[in-house]
Structures are given as structure tokens and as C-alpha cells.
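Participant: First the structure, then my questions, so here it is.
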Amino acid sequence: MLQGKKIVITGAASGIGAKTAELAAAHGAQVISVDINKPAKPVGEFIAADLSDERSIDELVARLPQGIDGLANVAGLPPTWPAPAVVKVNLVGLKRLTVSLVPKMADGASIVNLASIAGLGWPQARDVIQESNSLQLGDVDAFCRVHGIEGARSYFFSKEALIVWTMENRWTWRARGIRMNTVSPGPVDTPILKDFIETLGARAEEDMRTMDRPGTPADIAPVVCFLLSDGAVWIRGTNVPVDGGMFSNVLLQTSGF
Ligand code: NAI
């Protein structure tokens with residue numbers, strides 16, 4: 001499915017990113033794994049980078065080769081981290097890496113961003129999302145203070161804004177055939193699941209009761225690989241929930257069904 005494609009995967013040291021790297025390589029991709037931590041078993045070439053740091057992102061982009069066919073932005077921080085760190089890694093650093101890498105991408109490349117079902121309430125956050133559009137890494141601390149983005153809200157906000165940014169850029173690179181989509185997992189059994197349950201408390205416990213089981217990285221990685229593949233060329237700017245039916249359940253309930 002990804003034979004001969006050069007695919008960059010961030011967050012490759014753990015959870016969904018590690019599984020995506022493994023699966024992409026099994027589908028024939030030449031994987032470049034990126035993470036702040038060295039993976040125990042790196043897939044392909046490993047490049048260390050801190051996606052909350054401008055200089056580190058720019059050094060990463062300089063080291064990456066020309067002709068990238070795919071970028072999977074999987075790295076992310078849970079809501080137990082300080083709010084500015086969450087917004088930097090999950091949103092602002094991700095955007096900087098993506099936009100800076102476009103000139104090195106091959107025509108027809110695919111970008112896949114890991115959002116979350118935590119981001120599906122984006123229509124209620126329109127104003128603050130619009131204000132974050134041109135946010136730079138150096139401005140994030142002040143932005144969070146001014147807009148009262150603290151605690152778990154940082155995580156919800158980062159994923160809401162990521163879904164919107166992906167939709168907004170549905171046609172930005174259309175002339176070169178470059179497309180971008182988000183994948184939104186429900187609760188997935190990785191090291192950060194306990195952070196979500198800890199932060200969201202009763203709400204997360206209720207969600208977990210509704211589910212038949214939490215997801216696993218193996219439930220998410222095949223969807224990311226498909227979106228990276230040429231089979232998905234007409235899927236653009238959209239968000240794909242991979243959540244065991246959780247979003248449909250919430251949508252039906254809130255719509256009175
Ligand atoms: P994980 O904690 O297993 O993996 C996240 C990876 O990101 C780690 O390897 C970590 O070192 C890396 N990372 C963190 N900060 C970084 C930085 N500054 N620079 C570079 N790399 C950094 O988490 P998981 O579950 O695999 O999460 C992957 C993505 O999926 C995240 O974006 C997360 O928000 C999203 N997600 C996860 C869900 C879950 O329940 N596990 C649910 C919905 C979305």
C-alpha cells in the first residue's frame with residue numbers, strides 16, 4: 001500500500017506513532033521516525049526533535065530529505081502537562097513542521113494529523129480558534145493566559161483547532177496534489193490513556209462504560225496508513241473518527257435521538 005514511499009512519522013517512540021511506523025514499513029514505506037525520545041526499536045531512520053521548539057523543528061526540516069510522500073503528525077501531549085506545552089506540541093509546533101515541510105514534499109503527498117474525539121466540539125470555540133490561526137510558538141504562553149486555556153481545556157482546544165486548521169487547508173496545496181486530513185481516535189490504550197482518565201475524572205469513566213473496550217494502537221494505525229496511501233487521494237480536509245462508535249453515540253444523544 002505504501003511501497004517505496006518516504007513517510008515521516010512523529011511520535012514514533014510510543015503508542016499510535018510506534019504502531020503506525022511499524023505498519024507503514026510493513027506496507028513497504030521507507031520510514032523516518034521522529035520523536036523527542038529515542039524509540040526502543042526505531043523503525044527506519046530515527047531523528048530526535050522537540051516539536052515544542054522552533055529551532056529543533058527547523059533543524060529537523062533541514063535534515064529531512066527532498067521528496068517526502070507522507071507526514072503523519074502523531075506526537076502529542078496529554079492534558080496532565082502544562083497548558084502551553086500541550087498547545088505547542090499538539091497544535092502550533094505541528095503546524096510549523098507541516099508548513100515548513102511542504103516545499104520538501106513530493107507532488108501527491110499526504111499529511112495525516114492525529115486529532116481526537118476531544119476535538120469534535122470545535123463549532124463552540126470558533127472565536128478563539130480563529131484568533132489562534134497565526135499563533136507562533138513564542139506567543140503560546142501569553143495566548144493561553146489571555147484566553148483562559150488551562151488544565152484539560154488545553155487538550156480540547158488543541159484538537160479542536162487542529163481539526164479546523166485541517167479543514168481550512170483542504171485545497172491549499174491542491175495544485176500539487178498534496179492533501180491533509182485528521183484522524184480522531186476515541187480512548188486508546190497507550191501510556192497517555194491514564195492521563196485522560198485522571199484529568200477528565202467522572203466524564204472519562206462514563207465514556208469508558210459506554211465503550212465495549214478501549215481502542216488499541218492497532219485499531220488506529222491502519223486508518224492512518226490508508227490515508228497516507230494513494231487509495232485516499234480524494235479524501236481531503238476531512239476528519240475520520242476511529243472510536244468504536246463513540247462519536248455517533250454522542251451525536252445521536254445530543255441531537256435528541
Ligand atoms: P503516547 O504518549 O504513547 O505517544 C506520544 C508520543 O509523542 C511519545 O512518543 C512522545 O515522546 C512524543 N512526544 C511528546 N512530546 C513531544 C515533543 N515535544 N516532541 C516530539 N515528540 C513528542 O500517546 P499516543 O496515545 O500514542 O498518542 C498519539 C496521538 O494520538 C496524540 O496526538 C494523542 O493526542 C492522540 N490521541 C490519543 C488518544 C489516546 O487515548 N491514547 C485518544 C485520542 C487522540
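Residues are named by chain letter and number: chains run A, B, ... in the order of the C-alpha cells, numbers start at 1 in each chain, and ligands are numbered from 1 in the order shown.
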Give me the residues within 10 Å of Ala26 in chain A as JSON, numbers by chain, counting only C-alpha atoms and dropping any in the same chain fewer than 6 places off.
Facilitator: {"A": [1, 2, 3, 20]}
Participant: What residues in range 21-250 of chain A get the DSSP label helix (DSSP H, G or I)? Please answer as a ChimeraX atom specification.
Facilitator: /A:21-26,54-63,83-104,117-119,122-131,137-146,153-168,174-176,193-200,202-210,217-228,230-232,246-250
Participant: Per residue of chain A within 6 Å of ligand 1, note the shortest atom pair and the distance in Å to one decimal, counting only C-alpha atoms and all ligand atoms, and order the rows by chain and increasing residue number, as JSON lines.
Facilitator:
{"residue": "A:Gly11", "atom": "CA", "partner": "ligand 1", "partner_atom_place_in_ligand_line": "7 (O)", "distance": 3.7}
{"residue": "A:Ala12", "atom": "CA", "partner": "ligand 1", "partner_atom_place_in_ligand_line": "9 (O)", "distance": 5.6}
{"residue": "A:Ala13", "atom": "CA", "partner": "ligand 1", "partner_atom_place_in_ligand_line": "9 (O)", "distance": 4.0}
{"residue": "A:Ser14", "atom": "CA", "partner": "ligand 1", "partner_atom_place_in_ligand_line": "9 (O)", "distance": 4.1}
{"residue": "A:Gly15", "atom": "CA", "partner": "ligand 1", "partner_atom_place_in_ligand_line": "26 (O)", "distance": 3.5}
{"residue": "A:Ile16", "atom": "CA", "partner": "ligand 1", "partner_atom_place_in_ligand_line": "26 (O)", "distance": 3.7}
{"residue": "A:Gly17", "atom": "CA", "partner": "ligand 1", "partner_atom_place_in_ligand_line": "26 (O)", "distance": 5.5}
{"residue": "A:Asp35", "atom": "CA", "partner": "ligand 1", "partner_atom_place_in_ligand_line": "21 (N)", "distance": 3.9}
{"residue": "A:Ile36", "atom": "CA", "partner": "ligand 1", "partner_atom_place_in_ligand_line": "20 (C)", "distance": 4.0}
{"residue": "A:Asn37", "atom": "CA", "partner": "ligand 1", "partner_atom_place_in_ligand_line": "11 (O)", "distance": 5.0}
{"residue": "A:Ala49", "atom": "CA", "partner": "ligand 1", "partner_atom_place_in_ligand_line": "20 (C)", "distance": 5.5}
{"residue": "A:Asp50", "atom": "CA", "partner": "ligand 1", "partner_atom_place_in_ligand_line": "19 (N)", "distance": 3.6}
{"residue": "A:Leu51", "atom": "CA", "partner": "ligand 1", "partner_atom_place_in_ligand_line": "19 (N)", "distance": 3.9}
{"residue": "A:Ser52", "atom": "CA", "partner": "ligand 1", "partner_atom_place_in_ligand_line": "18 (N)", "distance": 4.8}
{"residue": "A:Val74", "atom": "CA", "partner": "ligand 1", "partner_atom_place_in_ligand_line": "29 (C)", "distance": 4.7}
{"residue": "A:Ala75", "atom": "CA", "partner": "ligand 1", "partner_atom_place_in_ligand_line": "7 (O)", "distance": 3.5}
{"residue": "A:Gly76", "atom": "CA", "partner": "ligand 1", "partner_atom_place_in_ligand_line": "32 (O)", "distance": 3.6}
{"residue": "A:Leu77", "atom": "CA", "partner": "ligand 1", "partner_atom_place_in_ligand_line": "14 (C)", "distance": 5.2}
{"residue": "A:Val89", "atom": "CA", "partner": "ligand 1", "partner_atom_place_in_ligand_line": "18 (N)", "distance": 5.4}
{"residue": "A:Leu114", "atom": "CA", "partner": "ligand 1", "partner_atom_place_in_ligand_line": "32 (O)", "distance": 5.0}
{"residue": "A:Ala115", "atom": "CA", "partner": "ligand 1", "partner_atom_place_in_ligand_line": "44 (C)", "distance": 5.5}
{"residue": "A:Ser116", "atom": "CA", "partner": "ligand 1", "partner_atom_place_in_ligand_line": "43 (C)", "distance": 4.0}
{"residue": "A:Pro185", "atom": "CA", "partner": "ligand 1", "partner_atom_place_in_ligand_line": "43 (C)", "distance": 4.3}
{"residue": "A:Gly186", "atom": "CA", "partner": "ligand 1", "partner_atom_place_in_ligand_line": "42 (C)", "distance": 5.0}
{"residue": "A:Pro187", "atom": "CA", "partner": "ligand 1", "partner_atom_place_in_ligand_line": "40 (O)", "distance": 3.6}
{"residue": "A:Val188", "atom": "CA", "partner": "ligand 1", "partner_atom_place_in_ligand_line": "40 (O)", "distance": 3.6}
{"residue": "A:Asp189", "atom": "CA", "partner": "ligand 1", "partner_atom_place_in_ligand_line": "41 (N)", "distance": 5.7}
{"residue": "A:Thr190", "atom": "CA", "partner": "ligand 1", "partner_atom_place_in_ligand_line": "25 (O)", "distance": 4.7}
{"residue": "A:Pro191", "atom": "CA", "partner": "ligand 1", "partner_atom_place_in_ligand_line": "3 (O)", "distance": 4.9}
{"residue": "A:Ile192", "atom": "CA", "partner": "ligand 1", "partner_atom_place_in_ligand_line": "2 (O)", "distance": 4.9}
{"residue": "A:Leu193", "atom": "CA", "partner": "ligand 1", "partner_atom_place_in_ligand_line": "40 (O)", "distance": 4.7}
Participant: Kindly indicate which residue among A:Leu228, A:Thr216, A:Thr172, A:Met211 lies nearest to Asn249 in chain A, using only C-alpha atoms for the distances.
Facilitator: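 With only C-alpha atoms as the atom set, the closest residue is A:Met211.
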Participant: For Asp219 in chain A, which residue among A:Ala202, A:Val183, A:Ile129, A:Leu252 is the nearest when counting only C-alpha atoms?
Facilitator: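 Among the listed residues, the smallest separation from Asp219 in chain A belongs to A:Val183.
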Participant: Considering only C-alpha atoms, state which residue in the set A:Arg170, A:Arg55, A:Lys159, A:His147 is at the smallest distance from Ile117 in chain A.
Facilitator: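 Residue with the minimum atom-to-atom distance to Ile117 in chain A: A:Lys159.
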Participant: Excluding same-chain residues fewer than 2 positions from Ser184 in chain A, what lies within 12 Å of it counting only C-alpha atoms, as a VMD selection string?
Facilitator: chain A and resid 16 74 112 to 120 156 159 to 160 162 to 163 181 to 182 186 to 188 215 219 to 221 223 to 224 238 to 247
